[in-house]
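Only one structure is covered here, and it is reproduced in the block below.
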Amino acid sequence: MSMLLGARVLDNHGEPGEDMSDSRIKAGVLFATTGKGGADLSPFAAEHFPFMNPSFAEMSTPTLVVAGDHDHSQLSTRGPDWFTDPYFLSPGSKSLLTLFGAEHSLGGISGYSVAETTDESPERVALIQRLTLAYLRNALDLDDSSWPASRAALEESAIPLGRIESK
């Protein structure tokens with residue numbers, strides 16, 4: 001999905017590959033998307049997935065990046081912050097939803113008709129559902145009140161399940 005939003009894959013020389021962005025896409029949501037490659041890849045990932053080397057420098061489409069603060073990937077030498085690279089390394093309007101206690105399945109989003117997860121949390125999944133809908137409705141100019149209201153509700157929660165930052 002990140003490639004449709006403007007991310008590019010870097011070749012062995014650090015040159016960006018083909019631009020696969022689609023101008024019809026006005027906003028996106030990225031769930032637990034891999035970060036940059038190169039030295040950030042584990043030896044296993046570097047050997048088996050050398051193509052896993054994205055550049056977010058041209059990903060300017062408005063995007064909500066969703067990451068778990070307990071998401072430790074075997075593909076990276078870094079910790080959970082690896083999954084925030086699409087937010088921090090891209091230009092333009094972006095928001096980052098960091099979910100507290102969430103691993104890679106973000107509480108239960110593991111695939112269509114798939115039930116297993118290591119960090120089951122129906123509350124977290126419901127939060128993701130509400131926030132992504134509110135974000136997209138706002139980003140697509142369908143409703144300018146639900147995203148600010150949803151952000152405020154998360155911030156004002158007695159026991160928040162995450163935090164949102166925007167640039």
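Chain labels run A, B, ... following the order of the structure tokens; each chain numbers its residues from 1, and ligands are numbered from 1 in the order shown.
All residues of protein, DNA or RNA that reach within 7 Å of A:Asp119, judged by only C-alpha atoms and not counting those fewer than 4 positions away in the chain, are Ala102, Glu103, Gly107 and Gly108 of chain A.
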Computed gap from atom CA of A:Leu64 to atom CA of A:Glu155 is 16.8 Å
Which residues in stretch 35-101 of chain A does DSSP call strand (DSSP E)? List them as a list in words.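 Going through stretch 35-101 of chain A, the strand (DSSP E) residues come out as Pro54, Ser55, Thr63, Leu64, Val65, Val66, Ala67, Gly68, Lys94, Ser95, Leu96, Leu97, Thr98 and Leu99 of chain A.
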Do you have, as a Markdown table, the list of residues of stretch 13-61 of chain A lying at most 6 Å from stretch 69-79 of chain A, each with its nearest atom pair and that distance in Å to one decimal, counting only C-alpha atoms and ordered by chain then number?
```
| residue | atom | partner | partner_atom | distance |
| --- | --- | --- | --- | --- |
| A:Asp40 | CA | A:Thr77 | CA | 5.4 |
| A:Leu41 | CA | A:Ser76 | CA | 4.3 |
| A:Ser42 | CA | A:Ser76 | CA | 4.7 |
| A:Ala45 | CA | A:Leu75 | CA | 5.1 |
```
Which residues come within 9 Å of A:Tyr135, counting only C-alpha atoms, excluding same-chain residues fewer than 6 positions away, as a PDB file with C-alpha atoms, in the first residue's frame?
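Below is the file that was written, around17.pdb:
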```
ATOM      1  CA  VAL A  29      -3.817   4.079   6.223  1.00  0.00           C
ATOM      2  CA  THR A  63      -1.520   8.998   5.575  1.00  0.00           C
ATOM      3  CA  LEU A  64      -2.373   7.589   8.976  1.00  0.00           C
ATOM      4  CA  SER A  95      -0.581  11.213  11.518  1.00  0.00           C
ATOM      5  CA  SER A 146     -15.050  13.175  13.586  1.00  0.00           C
ATOM      6  CA  TRP A 147     -11.219  13.129  13.468  1.00  0.00           C
ATOM      7  CA  PRO A 148     -10.723  15.987  15.952  1.00  0.00           C
ATOM      8  CA  SER A 150     -11.896  11.041  18.050  1.00  0.00           C
TER       9      SER A 150
END
```
